[in-house]
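Asker: Please find data_34.txt (compact mmCIF, C-alpha atoms) on the next line:
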```txt
# COMPACT_ATOMS: atom_id res chain seq x y z
CA MET M 192 -2.42 -26.41 -52.51
CA PRO M 193 -0.55 -24.59 -55.34
CA ARG M 194 2.39 -22.41 -54.31
CA THR M 195 0.68 -19.19 -55.41
CA LYS M 196 -2.38 -19.91 -53.28
CA ARG M 197 -0.19 -20.78 -50.30
CA ARG M 198 1.64 -17.47 -50.63
CA ARG M 199 -1.66 -15.58 -50.90
CA LYS M 200 -3.00 -17.36 -47.81
CA LEU M 201 0.19 -16.64 -45.86
CA ALA M 202 0.01 -12.98 -46.87
CA GLN M 203 -3.57 -12.77 -45.62
CA LEU M 204 -2.66 -14.35 -42.30
CA THR M 205 0.23 -11.93 -41.73
CA ALA M 206 -1.49 -8.82 -43.11
CA TRP M 207 -2.88 -7.96 -39.67
CA ARG M 208 0.64 -7.21 -38.50
CA GLU M 209 0.93 -4.36 -41.01
CA THR M 210 -2.15 -2.44 -39.82
CA PRO M 211 -1.44 0.91 -38.12
CA GLU M 212 -3.06 -0.20 -34.85
CA VAL M 213 -0.90 -3.32 -34.56
CA GLU M 214 2.22 -1.43 -35.58
CA MET M 215 1.54 1.12 -32.86
CA ALA M 216 0.96 -1.62 -30.27
CA LEU M 217 4.20 -3.36 -31.24
CA ALA M 218 6.06 -0.07 -31.05
CA ARG M 219 4.77 0.45 -27.53
CA VAL M 220 5.87 -3.03 -26.50
CA ARG M 221 9.32 -2.35 -27.92
CA ALA M 222 9.43 0.94 -26.01
CA LEU M 223 8.51 -0.83 -22.76
CA LEU M 224 11.15 -3.50 -23.30
CA SER M 225 13.81 -1.01 -24.28
CA HIS M 226 17.30 -1.91 -25.42
CA ASP M 227 18.57 -1.07 -21.92
CA ARG M 228 18.49 -4.53 -20.38
CA ALA M 229 18.83 -3.39 -16.76
CA ILE M 230 15.83 -1.06 -16.98
CA ALA M 231 13.82 -3.64 -18.93
CA ALA M 232 14.59 -6.20 -16.21
CA ALA M 233 13.50 -3.75 -13.50
CA PHE M 234 10.23 -3.18 -15.38
CA LEU M 235 9.52 -6.93 -15.61
CA PHE M 236 10.40 -7.41 -11.92
CA ALA M 237 8.02 -4.54 -11.05
CA LEU M 238 5.21 -6.17 -13.02
CA LEU M 239 5.89 -9.45 -11.21
CA LEU M 240 5.63 -7.69 -7.84
CA VAL M 241 2.38 -5.96 -8.88
CA PHE M 242 0.60 -9.19 -9.74
CA VAL M 243 2.00 -11.23 -6.83
CA SER M 244 0.98 -8.44 -4.43
CA VAL M 245 -2.57 -8.36 -5.74
CA ALA M 246 -2.92 -12.13 -5.98
CA ILE M 247 -1.82 -12.98 -2.43
CA GLY M 248 -0.70 -9.73 -0.81
CA GLY M 249 -4.03 -8.80 0.75
CA ALA M 250 -3.88 -11.41 3.51
CA SER M 251 -4.16 -10.74 7.21
CA GLN M 252 -1.17 -11.04 9.53
CA ALA M 253 -2.11 -14.69 10.17
CA ASN M 254 -1.07 -15.61 6.60
CA ALA M 255 2.70 -15.63 7.04
CA LEU M 256 3.29 -17.73 3.91
CA CYS M 257 1.51 -15.19 1.69
CA GLN M 258 3.51 -12.33 3.20
CA MET M 259 6.77 -14.22 2.73
CA THR M 260 5.94 -14.87 -0.94
CA VAL M 261 5.37 -11.17 -1.63
CA GLU M 262 8.59 -10.27 0.18
CA LEU M 263 10.57 -12.81 -1.85
CA ALA M 264 8.98 -11.57 -5.09
CA SER M 265 10.17 -8.04 -4.27
CA LEU M 266 13.85 -8.94 -3.87
CA PRO M 267 14.74 -9.03 -7.62
CA LEU M 268 13.28 -5.54 -8.05
CA PHE M 269 15.05 -4.29 -4.91
CA PHE M 270 18.47 -5.43 -6.11
CA ALA M 271 17.79 -4.21 -9.67
CA GLY M 272 16.94 -0.77 -8.26
CA LEU M 273 20.09 -0.74 -6.13
CA TYR M 274 22.18 -1.77 -9.14
CA LEU M 275 20.72 1.06 -11.23
CA CYS M 276 21.35 3.59 -8.44
CA ILE M 277 24.97 2.47 -8.14
CA THR M 278 25.72 2.29 -11.88
CA ARG M 279 23.51 5.12 -13.22
CA GLY M 280 23.37 7.40 -10.20
CA VAL M 281 20.41 8.71 -8.27
CA PRO M 282 17.72 10.25 -10.51
CA LYS M 283 17.48 14.03 -10.25
CA GLY M 284 15.21 15.25 -7.47
CA SER M 285 14.95 11.90 -5.69
CA ALA M 286 17.88 12.14 -3.24
CA PHE M 287 15.79 13.48 -0.33
CA ALA M 288 13.14 10.80 -0.80
CA LEU M 289 15.78 8.07 -0.94
CA VAL M 290 17.34 9.33 2.29
CA ILE M 291 13.94 9.14 4.00
CA MET M 292 13.38 5.63 2.64
CA ALA M 293 16.81 4.50 3.84
CA CYS M 294 16.08 5.89 7.32
CA VAL M 295 12.73 4.11 7.43
CA LEU M 296 14.42 0.81 6.54
CA ALA M 297 17.17 1.44 9.10
CA LEU M 298 14.76 2.18 11.97
CA PRO M 299 13.70 -1.44 12.74
CA LEU M 300 17.30 -2.61 12.30
CA ILE M 301 18.44 -0.06 14.87
CA GLN M 302 15.80 -1.38 17.26
CA LEU M 303 17.28 -4.90 16.87
CA VAL M 304 20.86 -4.00 17.85
CA PRO M 305 21.72 -5.58 21.26
CA LEU M 306 22.41 -2.90 23.87
CA PRO M 307 24.59 -3.23 26.99
CA PHE M 308 22.54 -4.12 30.06
CA GLU M 309 23.48 -0.89 31.85
CA PHE M 310 22.25 1.18 28.89
CA TRP M 311 19.13 -0.90 28.26
CA THR M 312 17.92 -0.61 31.86
CA ARG M 313 17.98 3.19 31.57
CA LEU M 314 15.51 3.21 28.70
CA PRO M 315 12.06 4.49 29.74
CA GLY M 316 9.31 1.94 30.38
CA ARG M 317 11.57 -1.05 31.10
CA ALA M 318 10.66 -1.58 34.78
CA ILE M 319 8.39 -4.60 34.15
CA GLU M 320 10.94 -6.23 31.87
CA MET M 321 13.67 -5.76 34.47
CA GLU M 322 11.49 -7.46 37.09
CA ILE M 323 10.90 -10.38 34.71
CA LEU M 324 14.65 -10.81 34.15
CA LYS M 325 15.28 -10.67 37.88
CA THR M 326 12.52 -13.17 38.72
CA ALA M 327 13.64 -15.58 36.00
CA HIS M 328 17.31 -15.30 37.10
CA LEU M 329 18.38 -14.53 33.52
CA GLY M 330 21.26 -12.27 34.57
CA ARG M 331 22.54 -9.06 33.02
CA GLN M 332 21.89 -9.72 29.34
CA ALA M 333 22.49 -7.45 26.37
CA LEU M 334 19.03 -6.81 24.93
CA PRO M 335 17.73 -4.84 21.94
CA LEU M 336 15.58 -1.73 22.20
CA SER M 337 12.58 -3.64 20.83
CA LEU M 338 10.54 -5.62 23.34
CA THR M 339 9.49 -7.99 20.53
CA PRO M 340 12.53 -8.58 18.28
CA ASP M 341 10.76 -11.21 16.15
CA ALA M 342 7.89 -8.85 15.36
CA THR M 343 10.32 -6.00 14.63
CA TRP M 344 12.24 -8.20 12.20
CA ARG M 345 8.95 -9.09 10.44
CA ALA M 346 8.13 -5.37 10.26
CA PHE M 347 11.46 -4.75 8.51
CA LEU M 348 10.75 -7.51 5.99
CA ALA M 349 7.28 -6.05 5.34
CA LEU M 350 8.94 -2.75 4.33
CA ILE M 351 10.94 -4.40 1.54
CA PRO M 352 8.13 -4.63 -1.10
CA PRO M 353 7.11 -0.94 -1.04
CA ALA M 354 10.75 0.14 -0.86
CA SER M 355 11.53 -2.10 -3.84
CA MET M 356 8.68 -0.64 -5.91
CA PHE M 357 9.75 2.93 -5.18
CA LEU M 358 13.42 2.21 -5.82
CA GLY M 359 12.74 0.39 -9.08
CA ALA M 360 10.18 2.88 -10.41
CA LEU M 361 12.66 5.75 -10.09
CA HIS M 362 14.60 4.41 -13.08
CA LEU M 363 11.71 3.41 -15.34
CA SER M 364 10.80 5.43 -18.40
CA ASP M 365 7.60 7.48 -18.54
CA GLU M 366 6.05 4.86 -20.82
CA GLN M 367 6.91 2.06 -18.41
CA ARG M 368 5.53 3.99 -15.43
CA ARG M 369 2.33 4.67 -17.39
CA ALA M 370 1.99 0.97 -18.10
CA MET M 371 2.50 0.17 -14.42
CA ALA M 372 -0.14 2.70 -13.41
CA GLY M 373 -2.51 1.23 -16.00
CA CYS M 374 -2.02 -2.24 -14.53
CA TRP M 375 -2.87 -0.95 -11.05
CA LEU M 376 -5.98 0.78 -12.37
CA VAL M 377 -7.20 -2.37 -14.14
CA LEU M 378 -6.62 -4.38 -10.97
CA ALA M 379 -8.55 -1.78 -8.95
CA PHE M 380 -11.47 -2.26 -11.36
CA ALA M 381 -11.22 -6.01 -10.86
CA SER M 382 -11.18 -5.57 -7.08
CA LEU M 383 -14.32 -3.42 -7.30
CA VAL M 384 -16.11 -6.08 -9.35
CA LEU M 385 -14.99 -8.84 -7.00
CA GLY M 386 -16.17 -6.80 -4.01
CA GLY M 387 -19.60 -6.37 -5.60
CA LEU M 388 -19.89 -10.10 -6.21
CA GLN M 389 -18.84 -10.79 -2.61
CA MET M 390 -21.67 -8.60 -1.33
CA MET M 391 -24.18 -10.29 -3.63
CA GLY M 392 -23.11 -13.67 -2.24
CA GLY M 393 -23.62 -12.59 1.37
CA GLU M 394 -21.43 -13.31 4.37
CA ASP M 395 -20.95 -16.94 3.29
CA SER M 396 -19.85 -16.02 -0.23
CA PRO M 397 -17.16 -18.39 -1.55
CA LEU M 398 -15.54 -15.38 -3.28
CA TYR M 399 -13.89 -14.14 -0.09
CA LEU M 400 -10.23 -15.01 -0.56
CA TYR M 401 -9.30 -15.28 3.13
CA SER M 402 -10.85 -17.02 6.11
CA ILE M 403 -10.18 -14.04 8.42
CA THR M 404 -12.06 -11.22 6.69
CA ASN M 405 -14.84 -8.64 6.99
CA ALA M 406 -17.64 -10.92 5.83
CA GLY M 407 -20.58 -9.02 4.35
CA SER M 408 -18.38 -6.12 3.18
CA PRO M 409 -16.77 -5.68 -0.25
CA VAL M 410 -13.09 -6.37 0.43
CA GLY M 411 -12.04 -7.34 -3.11
CA PHE M 412 -8.57 -8.85 -3.21
CA PHE M 413 -7.99 -8.04 0.47
CA SER M 414 -9.02 -9.55 3.78
CA ASN M 415 -9.81 -6.17 5.36
CA ARG M 416 -12.26 -3.49 4.20
CA ASN M 417 -9.91 -0.69 5.31
CA HIS M 418 -7.25 -1.98 2.94
CA GLU M 419 -9.70 -2.19 0.05
CA ALA M 420 -10.84 1.39 0.69
CA ALA M 421 -7.23 2.58 0.91
CA PHE M 422 -6.40 0.86 -2.39
CA LEU M 423 -9.39 2.43 -4.16
CA ASN M 424 -8.47 5.86 -2.75
CA CYS M 425 -4.87 5.53 -3.96
CA MET M 426 -6.06 4.86 -7.50
CA ILE M 427 -8.21 8.02 -7.74
CA PRO M 428 -5.28 10.36 -8.65
CA VAL M 429 -4.05 7.71 -11.10
CA ALA M 430 -7.50 7.56 -12.71
CA VAL M 431 -7.53 11.36 -13.02
CA LEU M 432 -4.16 11.19 -14.77
CA PHE M 433 -5.55 8.81 -17.41
CA ALA M 434 -8.87 10.70 -17.67
CA SER M 435 -6.96 13.93 -18.45
CA LYS M 436 -5.91 12.31 -21.75
CA LEU M 437 -9.46 12.84 -23.01
CA LYS M 438 -8.66 16.51 -23.62
CA ASN M 439 -6.63 15.41 -26.66
CA GLY M 440 -9.76 14.27 -28.48
CA TRP M 441 -11.51 11.00 -29.18
CA ARG M 442 -8.99 9.97 -31.84
CA ASP M 443 -6.14 9.81 -29.35
CA PRO M 444 -4.89 6.19 -28.94
CA ALA M 445 -5.08 6.64 -25.15
CA VAL M 446 -8.79 7.50 -25.26
CA LEU M 447 -9.87 4.01 -24.12
CA GLY M 448 -7.78 4.30 -20.96
CA GLY M 449 -9.23 7.76 -20.36
CA VAL M 450 -12.82 6.52 -20.69
CA LEU M 451 -12.17 3.60 -18.31
CA ALA M 452 -10.49 5.95 -15.84
CA LEU M 453 -13.43 8.34 -16.01
CA ALA M 454 -15.79 5.44 -15.27
CA TYR M 455 -13.60 4.34 -12.37
CA LEU M 456 -14.03 7.56 -10.40
CA PRO M 457 -17.77 7.28 -9.52
CA LEU M 458 -17.50 3.49 -9.11
CA ALA M 459 -14.60 3.89 -6.68
CA MET M 460 -16.55 6.43 -4.60
CA VAL M 461 -19.50 4.08 -4.36
CA GLY M 462 -17.15 1.19 -3.54
CA ILE M 463 -15.41 3.14 -0.78
CA ALA M 464 -18.74 4.16 0.76
CA THR M 465 -19.99 0.57 0.60
CA THR M 466 -16.99 -0.76 2.53
CA LEU M 467 -18.12 1.31 5.55
CA SER M 468 -14.46 1.95 6.30
CA ARG M 469 -14.44 5.10 8.40
CA ALA M 470 -10.88 6.04 7.51
CA GLY M 471 -11.52 5.17 3.86
CA VAL M 472 -14.55 7.45 3.56
CA PHE M 473 -12.90 10.44 5.23
CA LEU M 474 -9.65 9.96 3.30
CA LEU M 475 -11.69 10.12 0.11
CA GLY M 476 -11.53 13.90 0.47
CA ALA M 477 -7.72 13.82 0.42
CA ALA M 478 -7.77 11.50 -2.60
CA LEU M 479 -10.08 13.87 -4.51
CA LEU M 480 -7.88 16.85 -3.64
CA SER M 481 -4.89 14.91 -4.94
CA GLY M 482 -6.85 14.21 -8.11
CA VAL M 483 -7.51 17.93 -8.60
CA ALA M 484 -3.78 18.63 -8.09
CA VAL M 485 -2.93 16.01 -10.72
CA ALA M 486 -5.46 17.53 -13.13
CA MET M 487 -3.93 20.99 -12.64
CA ARG M 488 -0.45 19.57 -13.18
CA GLY M 489 -1.75 18.02 -16.39
CA GLY M 490 -2.83 21.37 -17.79
CA LEU M 491 -6.32 21.91 -16.35
CA ARG M 492 -6.67 25.62 -15.59
CA GLY M 493 -9.25 28.29 -14.85
CA LYS M 494 -12.83 27.20 -15.42
CA GLY M 495 -11.79 23.56 -15.79
CA THR M 496 -10.16 23.58 -12.36
CA ALA M 497 -13.24 25.14 -10.79
CA ILE M 498 -15.53 22.58 -12.41
CA ALA M 499 -13.31 19.64 -11.37
CA SER M 500 -12.98 20.93 -7.81
CA GLY M 501 -16.71 21.53 -7.51
CA ALA M 502 -17.55 18.10 -8.90
CA GLY M 503 -15.08 16.46 -6.51
CA LEU M 504 -16.48 18.35 -3.51
CA LEU M 505 -20.06 17.51 -4.48
CA ALA M 506 -19.16 13.82 -4.89
CA PHE M 507 -17.38 13.75 -1.53
CA LEU M 508 -20.29 15.41 0.29
CA THR M 509 -22.70 12.98 -1.37
CA VAL M 510 -20.67 9.99 -0.21
CA ILE M 511 -20.47 11.43 3.32
CA PHE M 512 -24.22 12.07 3.37
CA LEU M 513 -25.11 8.56 2.19
CA SER M 514 -22.67 6.73 4.45
CA LEU M 515 -22.60 8.91 7.57
CA THR M 516 -25.40 7.13 9.45
CA PRO M 517 -24.03 3.57 9.03
CA LEU M 518 -20.54 4.83 9.81
CA LEU M 519 -21.69 6.42 13.07
CA GLU M 520 -23.58 3.25 13.94
CA ARG M 521 -20.29 1.34 13.76
CA TYR M 522 -18.96 3.41 16.67
CA GLY M 523 -21.74 1.93 18.79
CA GLU M 524 -20.81 -1.69 18.07
CA PRO M 525 -20.20 -3.57 21.34
CA ASP M 526 -16.82 -4.95 20.20
CA ASP M 527 -15.46 -1.55 19.12
CA GLN M 528 -12.98 -0.67 21.86
CA ARG M 529 -10.81 1.87 20.08
CA LEU M 530 -12.20 5.06 21.66
CA ASP M 531 -11.78 3.57 25.15
CA ALA M 532 -8.33 2.23 24.29
CA TRP M 533 -6.73 5.34 22.83
CA PRO M 534 -6.10 7.05 26.19
CA ILE M 535 -4.33 3.86 27.36
CA VAL M 536 -2.23 3.79 24.20
CA THR M 537 -1.35 7.46 24.69
CA GLN M 538 -0.27 6.78 28.26
CA ALA M 539 1.87 3.83 27.11
CA ALA M 540 3.48 5.91 24.36
CA GLU M 541 4.41 8.58 26.88
CA SER M 542 5.92 6.00 29.22
CA TYR M 543 8.17 4.59 26.46
CA PHE M 544 9.06 7.96 24.93
CA PRO M 545 11.50 8.88 23.39
CA ALA M 546 12.92 5.43 22.50
CA GLY M 547 9.66 3.60 21.80
CA SER M 548 8.81 -0.02 22.53
CA GLY M 549 9.81 -1.48 19.15
CA LEU M 550 7.95 -2.03 15.90
CA GLY M 551 5.34 -4.78 16.23
CA SER M 552 5.23 -4.61 20.02
CA PHE M 553 1.81 -2.96 20.35
CA ASP M 554 -0.05 -6.18 21.18
CA LEU M 555 2.36 -7.10 24.01
CA VAL M 556 2.49 -3.59 25.47
CA TYR M 557 -1.27 -3.08 25.38
CA LYS M 558 -1.99 -6.42 27.05
CA SER M 559 0.34 -5.49 29.89
CA LEU M 560 -1.60 -2.24 30.50
CA GLU M 561 -5.17 -3.19 29.54
CA PRO M 562 -7.61 -2.64 32.45
CA LEU M 563 -9.43 -5.78 33.55
CA GLY M 564 -12.75 -4.02 32.99
CA GLN M 565 -11.99 -3.78 29.26
CA VAL M 566 -10.92 -7.40 28.77
CA ALA M 567 -13.39 -8.98 26.32
CA PRO M 568 -13.57 -11.80 23.75
CA ALA M 569 -12.83 -9.25 21.01
CA TYR M 570 -9.06 -8.74 21.11
CA PHE M 571 -7.39 -5.39 20.45
CA ASN M 572 -4.13 -6.11 18.65
CA HIS M 573 -3.70 -2.71 16.96
CA ALA M 574 -4.45 0.87 17.99
CA HIS M 575 -6.54 1.53 14.83
CA ASN M 576 -4.75 4.86 14.90
CA ASP M 577 -1.53 4.79 12.90
CA PHE M 578 -0.12 7.94 14.52
CA LEU M 579 -0.61 6.66 18.07
CA GLU M 580 0.79 3.22 17.24
CA LEU M 581 3.81 4.73 15.48
CA TRP M 582 4.42 7.03 18.44
CA LEU M 583 4.29 4.10 20.87
CA GLU M 584 6.52 1.75 18.86
CA THR M 585 9.09 4.15 17.42
CA GLY M 586 9.07 7.19 19.71
CA ALA M 587 10.89 10.34 18.63
CA LEU M 588 12.64 8.69 15.65
CA GLY M 589 9.38 7.59 14.08
CA ALA M 590 7.74 10.96 14.67
CA GLY M 591 10.73 12.71 13.09
CA LEU M 592 10.65 10.47 10.01
CA LEU M 593 6.91 11.06 9.62
CA ALA M 594 7.53 14.83 9.75
CA LEU M 595 10.26 14.51 7.09
CA PHE M 596 7.93 12.47 4.90
CA GLY M 597 5.22 15.14 5.25
CA LEU M 598 7.78 17.82 4.32
CA TRP M 599 8.78 15.85 1.22
```
Transcribe the structure of this file into structure tokens.
Answerer:
Amino acid sequence: MPRTKRRRKLAQLTAWRETPEVEMALARVRALLSHDRAIAAAFLFALLLVFVSVAIGGASQANALCQMTVELASLPLFFAGLYLCITRGVPKGSAFALVIMACVLALPLIQLVPLPFEFWTRLPGRAIEMEILKTAHLGRQALPLSLTPDATWRAFLALIPPASMFLGALHLSDEQRRAMAGCWLVLAFASLVLGGLQMMGGEDSPLYLYSITNAGSPVGFFSNRNHEAAFLNCMIPVAVLFASKLKNGWRDPAVLGGVLALAYLPLAMVGIATTLSRAGVFLLGAALLSGVAVAMRGGLRGKGTAIASGAGLLAFLTVIFLSLTPLLERYGEPDDQRLDAWPIVTQAAESYFPAGSGLGSFDLVYKSLEPLGQVAPAYFNHAHNDFLELWLETGALGAGLLALFGLW
């Protein structure tokens, strides 16, 4: 081929790089991978944690290997966030939140500190444990506050991924945070589609990712329908954020994200209702209120706020109306013990108050108090009430931290 023709061909092949659309895309990539290497590294570590969490982070507690992989994937982001806090300082307005996060991480570690025998025996609710030590002739041992130290240590490790994401995201630029939110929204769409295919395949669908799952329900990337519903709810305010970009007109480069976000909102509501997660359906109202708050923060005022609030309320009432009957029917299922169990959990929490029984100890404590008349093949390893379980396992410290979080 003559040299002139080769040059013309090469120019044609590289001409696409000079188009405005490609130039804009390249500029965005350069902005995401900024010249600040530490922040760019934190952004890449955050993306790694996002995709590892979605790929294998939805497992049940029986999948210890999956949980360990997510925890290991979060460590680079955790240390990058710590490094940025030490070298760049704490971002403005985040000190109170960081103090709460540090206290939450410290709580299980405090429960693992060995206590002198004389002090440990004075903790409330330790009578049975003292009898066990006496019967087994184990002597006057120094023991931690937690009745299940192994489970408490696993609870601490499970806190590392969310703490890492929060710590790392504090230092990211607005563009990087927007890219992260966009990734989560795309993955929520994918989880919705996967959940629909799972339902079409029936209870024996090969698309369920975990052997222990809610077969017959759309669980998406998770093993539990409650977790899928919670994930879809969390993405509603994010979708509103992207949908608010439509006010800038159809020629805005972000219009595609806005259209996809607008389509996500009704699909997510249908998906949440289809999961038949009771908590998920009723928390949809809180998610929609958060979405309205985000829209107002983004500049929606007056008539626009009224229209958005009315549309959100109408959508929520519609979901409640369509799903109320099957949700109420679930309370009549023979293996649903939670309403009968909550008074027992409350009694146990009061007996261990104010120190608590230790994070992860619910299963052990409940089995020691479960009436023989309620013993059944269906096991009850969680309270299915986060406030009651937190009160039992962490006592006054956990309740205080929850109040601080609500204040924040």
Asker: Which one is closest to Leu451 (chain M): M:Phe380, M:Phe422, M:Trp533, M:Tyr570? Count all atoms listed in the file.
Answerer: M:Phe380
Asker: In Å to one decimal, how far is CA of Pro352 (chain M) from CA of Gln302 (chain M)?
Answerer: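 Separation between CA of Gln302 (chain M) and CA of Pro352 (chain M): 20.2 Å.
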Asker: Rank nothing, just name the residue among M:Leu336, M:Leu592, M:Val431, M:Cys425 nearest to Arg488 (chain M), using only C-alpha atoms.
Answerer: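 Using only C-alpha atoms, the shortest distance to Arg488 (chain M) belongs to M:Val431.
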Asker: Write out as an MDAnalysis selection string the residues lying within 8 Å of region 575-591 of chain M, counting all atoms listed in the file and excluding same-chain residues fewer than 5 positions away.
Answerer: chainID M and resid 298 529 533 536:537 539:541 543:553
Asker: For each of M:Gly373, M:Leu314, M:Tyr557, M:Leu268, take the minimum atom-to-atom distance to Leu235 (chain M), counting only C-alpha atoms, then give the residue where this is smallest.
Answerer: M:Leu268
Asker: Counting all atoms listed in the file, which residue out of M:Ala286, M:Ala459, M:Val261, M:Leu467 sits closest to Ser408 (chain M)?
Answerer: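 Ranked by minimum distance to Ser408 (chain M), first place goes to M:Leu467.
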Asker: Between M:Cys257, M:Ala229, M:Leu453, M:Arg368, which is the closest to Val245 (chain M) once you count all atoms listed in the file?
Answerer: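 For Val245 (chain M), the nearest of the candidates is M:Cys257.
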Asker: Rounded to one decimal place, report the CA of Asp554 (chain M)-CA of His418 (chain M) distance in Å.
Answerer: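 Spanning CA of Asp554 (chain M) to CA of His418 (chain M) is a straight-line distance of 20.1 Å.
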Asker: M:Leu239, M:Ala486, M:Met356, M:Ala250: which is nearest Ala264 (chain M), counting only C-alpha atoms?
Answerer: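 Closest candidate: M:Leu239.
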